[in-house]
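Data file: upload-v5.cif. Format and content: mmCIF, N, CA and C atoms.
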```
data_upload
#
loop_
_atom_site.label_atom_id
_atom_site.label_comp_id
_atom_site.auth_asym_id
_atom_site.auth_seq_id
_atom_site.Cartn_x
_atom_site.Cartn_y
_atom_site.Cartn_z
N MET A 1 23.59 81.02 5.66
CA MET A 1 22.86 80.43 4.55
C MET A 1 21.67 81.31 4.21
N SER A 2 21.38 81.43 2.93
CA SER A 2 20.21 82.20 2.52
C SER A 2 18.95 81.38 2.73
N ASP A 3 17.84 82.05 2.82
CA ASP A 3 16.57 81.37 3.03
C ASP A 3 16.04 80.88 1.69
N LEU A 4 16.16 79.58 1.44
CA LEU A 4 15.72 78.98 0.19
C LEU A 4 14.39 78.28 0.39
N HIS A 5 13.53 78.49 -0.55
CA HIS A 5 12.26 77.79 -0.53
C HIS A 5 12.34 76.70 -1.60
N GLY A 6 12.12 75.44 -1.20
CA GLY A 6 12.28 74.26 -2.03
C GLY A 6 11.76 74.40 -3.43
N PRO A 7 11.81 73.40 -4.21
CA PRO A 7 12.39 72.10 -3.88
C PRO A 7 13.91 72.11 -4.03
N TRP A 8 14.57 71.21 -3.32
CA TRP A 8 16.02 71.12 -3.37
C TRP A 8 16.46 69.70 -3.11
N LEU A 9 17.72 69.45 -3.37
CA LEU A 9 18.37 68.18 -3.04
C LEU A 9 19.31 68.42 -1.88
N ASP A 10 19.58 67.38 -1.11
CA ASP A 10 20.57 67.48 -0.04
C ASP A 10 21.95 67.24 -0.62
N CYS A 11 22.89 68.08 -0.24
CA CYS A 11 24.28 67.95 -0.69
C CYS A 11 24.90 66.71 -0.05
N PRO A 12 25.52 65.83 -0.86
CA PRO A 12 26.16 64.64 -0.28
C PRO A 12 27.43 64.97 0.51
N TRP A 13 28.00 66.16 0.32
CA TRP A 13 29.23 66.55 1.00
C TRP A 13 28.96 67.11 2.39
N CYS A 14 27.98 68.01 2.50
CA CYS A 14 27.79 68.69 3.79
C CYS A 14 26.35 68.64 4.31
N GLY A 15 25.41 68.11 3.52
CA GLY A 15 24.01 68.08 3.95
C GLY A 15 23.28 69.38 3.67
N GLY A 16 23.95 70.32 3.01
CA GLY A 16 23.33 71.60 2.67
C GLY A 16 22.30 71.42 1.55
N ARG A 17 21.90 72.52 0.97
CA ARG A 17 20.85 72.48 -0.05
C ARG A 17 21.40 72.81 -1.44
N VAL A 18 20.94 72.03 -2.41
CA VAL A 18 21.21 72.29 -3.82
C VAL A 18 19.85 72.53 -4.46
N PRO A 19 19.47 73.78 -4.70
CA PRO A 19 18.15 74.06 -5.28
C PRO A 19 18.00 73.45 -6.67
N LEU A 20 16.85 72.85 -6.93
CA LEU A 20 16.61 72.24 -8.24
C LEU A 20 16.65 73.30 -9.33
N ALA A 21 16.29 74.54 -9.01
CA ALA A 21 16.33 75.62 -10.00
C ALA A 21 17.75 75.91 -10.45
N TYR A 22 18.76 75.51 -9.68
CA TYR A 22 20.16 75.77 -10.02
C TYR A 22 20.76 74.68 -10.89
N LEU A 23 20.04 73.57 -11.10
CA LEU A 23 20.59 72.46 -11.87
C LEU A 23 20.63 72.80 -13.37
N ALA A 24 21.70 72.37 -14.02
CA ALA A 24 21.87 72.57 -15.45
C ALA A 24 22.51 71.31 -16.02
N PRO A 25 22.38 71.08 -17.32
CA PRO A 25 23.02 69.89 -17.91
C PRO A 25 24.53 69.89 -17.63
N SER A 26 25.04 68.73 -17.28
CA SER A 26 26.46 68.58 -16.97
C SER A 26 27.30 68.52 -18.25
N ASP A 27 28.47 69.18 -18.24
CA ASP A 27 29.38 69.10 -19.39
C ASP A 27 30.21 67.82 -19.32
N GLU A 28 30.32 67.24 -18.15
CA GLU A 28 31.22 66.11 -17.95
C GLU A 28 30.53 64.75 -18.05
N GLU A 29 29.26 64.68 -17.70
CA GLU A 29 28.55 63.39 -17.64
C GLU A 29 27.29 63.48 -18.50
N PRO A 30 27.24 62.77 -19.64
CA PRO A 30 26.05 62.82 -20.49
C PRO A 30 24.79 62.37 -19.75
N GLY A 31 23.73 63.13 -19.86
CA GLY A 31 22.46 62.80 -19.22
C GLY A 31 22.35 63.23 -17.78
N ALA A 32 23.43 63.73 -17.19
CA ALA A 32 23.42 64.15 -15.79
C ALA A 32 23.12 65.64 -15.68
N ALA A 33 22.78 66.06 -14.47
CA ALA A 33 22.57 67.47 -14.17
C ALA A 33 23.52 67.87 -13.05
N ALA A 34 23.99 69.11 -13.08
CA ALA A 34 24.93 69.58 -12.07
C ALA A 34 24.44 70.88 -11.46
N GLY A 35 24.75 71.07 -10.19
CA GLY A 35 24.41 72.28 -9.47
C GLY A 35 25.48 72.55 -8.42
N VAL A 36 25.32 73.64 -7.69
CA VAL A 36 26.30 74.03 -6.67
C VAL A 36 25.57 74.14 -5.33
N CYS A 37 26.15 73.53 -4.30
CA CYS A 37 25.59 73.60 -2.95
C CYS A 37 25.66 75.04 -2.45
N THR A 38 24.60 75.52 -1.84
CA THR A 38 24.58 76.88 -1.32
C THR A 38 25.38 77.03 -0.04
N ASP A 39 25.72 75.92 0.63
CA ASP A 39 26.48 75.99 1.88
C ASP A 39 27.99 75.83 1.64
N CYS A 40 28.39 74.69 1.07
CA CYS A 40 29.83 74.41 0.92
C CYS A 40 30.38 74.83 -0.44
N ARG A 41 29.50 75.19 -1.37
CA ARG A 41 29.88 75.65 -2.71
C ARG A 41 30.54 74.58 -3.57
N ARG A 42 30.35 73.32 -3.21
CA ARG A 42 30.90 72.24 -4.04
C ARG A 42 29.92 71.91 -5.16
N ARG A 43 30.48 71.45 -6.26
CA ARG A 43 29.66 71.03 -7.39
C ARG A 43 29.05 69.67 -7.09
N VAL A 44 27.77 69.53 -7.34
CA VAL A 44 27.04 68.29 -7.11
C VAL A 44 26.45 67.84 -8.44
N THR A 45 26.72 66.61 -8.83
CA THR A 45 26.20 66.06 -10.08
C THR A 45 25.24 64.93 -9.74
N ILE A 46 24.08 64.95 -10.40
CA ILE A 46 23.10 63.88 -10.19
C ILE A 46 22.71 63.28 -11.53
N MET A 47 22.28 62.04 -11.50
CA MET A 47 21.74 61.39 -12.67
C MET A 47 20.24 61.26 -12.45
N PRO A 48 19.44 62.06 -13.17
CA PRO A 48 17.98 61.98 -12.96
C PRO A 48 17.45 60.60 -13.34
N PRO A 49 16.41 60.16 -12.68
CA PRO A 49 15.83 58.85 -13.01
C PRO A 49 15.16 58.89 -14.38
N ASP A 50 15.01 57.72 -14.98
CA ASP A 50 14.29 57.63 -16.26
C ASP A 50 12.83 57.95 -16.06
N ASP A 51 12.20 58.47 -17.09
CA ASP A 51 10.78 58.81 -17.02
C ASP A 51 9.97 57.51 -17.06
N PRO A 52 9.21 57.21 -16.00
CA PRO A 52 8.45 55.94 -15.98
C PRO A 52 7.30 55.93 -16.99
N LEU A 53 6.90 57.08 -17.50
CA LEU A 53 5.80 57.13 -18.46
C LEU A 53 6.26 57.15 -19.90
N ALA A 54 7.58 57.15 -20.11
CA ALA A 54 8.11 57.16 -21.47
C ALA A 54 7.85 55.81 -22.14
N PRO A 55 7.58 55.84 -23.45
CA PRO A 55 7.35 54.56 -24.15
C PRO A 55 8.62 53.73 -24.16
N GLY A 56 8.45 52.42 -24.12
CA GLY A 56 9.59 51.50 -24.10
C GLY A 56 10.29 51.43 -25.45
N PRO A 57 11.43 50.75 -25.49
CA PRO A 57 12.21 50.66 -26.74
C PRO A 57 11.55 49.86 -27.81
#
```

Show me this structure written as C-alpha coordinates.
Amino acid sequence: MSDLHGPWLDCPWCGGRVPLAYLAPSDEEPGAAAGVCTDCRRRVTIMPPDDPLAPGP
(Lines of atoms letter the chains of each structure in order from A and count residues from 1; the text may use other names and numbers.)
(Lines give C-alpha, C1' and ligand atoms only; values in the text may rest on other atoms or scores of the structure.)
Protein backbone atom coordinates (compact mmCIF):
# COMPACT_ATOMS: atom_id res chain seq x y z
CA MET A 1 0.00 0.00 0.00
CA SER A 2 1.21 3.50 -0.72
CA ASP A 3 1.63 5.98 2.09
CA LEU A 4 -1.52 8.12 1.97
CA HIS A 5 -2.03 11.15 4.08
CA GLY A 6 -5.73 11.66 4.93
CA PRO A 7 -8.46 12.47 4.79
CA TRP A 8 -9.94 9.20 3.56
CA LEU A 9 -12.86 6.83 3.97
CA ASP A 10 -12.59 3.20 5.03
CA CYS A 11 -13.39 0.73 2.26
CA PRO A 12 -16.47 -1.36 3.18
CA TRP A 13 -15.00 -4.35 1.28
CA CYS A 14 -11.53 -4.67 2.78
CA GLY A 15 -11.05 -1.86 5.33
CA GLY A 16 -8.49 -0.17 3.08
CA ARG A 17 -8.41 3.52 2.27
CA VAL A 18 -10.41 5.50 -0.26
CA PRO A 19 -8.85 8.99 -0.38
CA LEU A 20 -11.40 11.80 -0.48
CA ALA A 21 -9.28 13.45 -3.19
CA TYR A 22 -10.10 10.46 -5.45
CA LEU A 23 -13.89 10.89 -5.18
CA ALA A 24 -15.77 12.06 -8.27
CA PRO A 25 -19.48 12.35 -9.12
CA SER A 26 -20.99 8.93 -9.78
CA ASP A 27 -22.40 8.16 -13.25
CA GLU A 28 -24.71 5.52 -11.82
CA GLU A 29 -26.22 7.14 -8.71
CA PRO A 30 -27.43 10.78 -8.84
CA GLY A 31 -25.98 12.84 -5.98
CA ALA A 32 -23.47 10.14 -5.01
CA ALA A 33 -19.68 10.19 -5.20
CA ALA A 34 -17.48 7.28 -6.27
CA GLY A 35 -13.84 6.40 -5.70
CA VAL A 36 -11.51 3.40 -5.86
CA CYS A 37 -9.97 1.67 -2.84
CA THR A 38 -6.17 1.83 -2.92
CA ASP A 39 -5.90 -1.71 -1.47
CA CYS A 40 -8.51 -3.94 -3.16
CA ARG A 41 -9.16 -1.64 -6.17
CA ARG A 42 -12.93 -2.01 -5.84
CA ARG A 43 -15.22 0.87 -6.68
CA VAL A 44 -16.77 2.47 -3.60
CA THR A 45 -19.85 4.70 -3.89
CA ILE A 46 -21.00 6.98 -1.08
CA MET A 47 -23.95 9.29 -0.63
CA PRO A 48 -22.66 12.49 1.00
CA PRO A 49 -24.83 13.88 3.80
CA ASP A 50 -27.01 16.93 3.20
CA ASP A 51 -25.50 20.29 4.09
CA PRO A 52 -26.89 21.18 7.55
CA LEU A 53 -26.38 24.91 6.84
CA ALA A 54 -28.33 24.91 3.58
CA PRO A 55 -31.60 26.85 3.63
CA GLY A 56 -34.73 24.74 3.98
CA PRO A 57 -37.31 24.18 1.22

With the file shown as input, list the residues that the PyMOL selection byres ((chain A and resi 37-46) around 7) selects, as a ChimeraX atom specification. /A:1-2,11-12,14,16-19,31-36,47-48

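CA of Leu20 in chain A is positioned 16.8 Å from CA of Asp50 in chain A.
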
Give me, please, the distance in Å between atom N of Asp27 in chain A and atom C of Gly6 in chain A, quoted to one decimal. 22.9 Å

Listed atoms of range 32-40 of chain A, axis-aligned box, 4 Å per side: centre and edge lengths to one decimal in Å, as JSON?
```
{"center_x": 26.5, "center_y": 70.4, "center_z": -7.7, "size_x": 15.8, "size_y": 21.3, "size_z": 27.1}
```

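When DSSP reads the backbone of this structure, the residues of chain A it assigns to strand (DSSP E) are Trp8, Leu9, Asp10, Arg17, Val18, Pro19, Ala24, Pro25, Ala33, Ala34, Gly35, Val36, Arg43, Val44, Thr45 and Ile46 of chain A.
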
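The space separating atom C of Asp10 in chain A from atom N of Pro49 in chain A comes to 15.0 Å.
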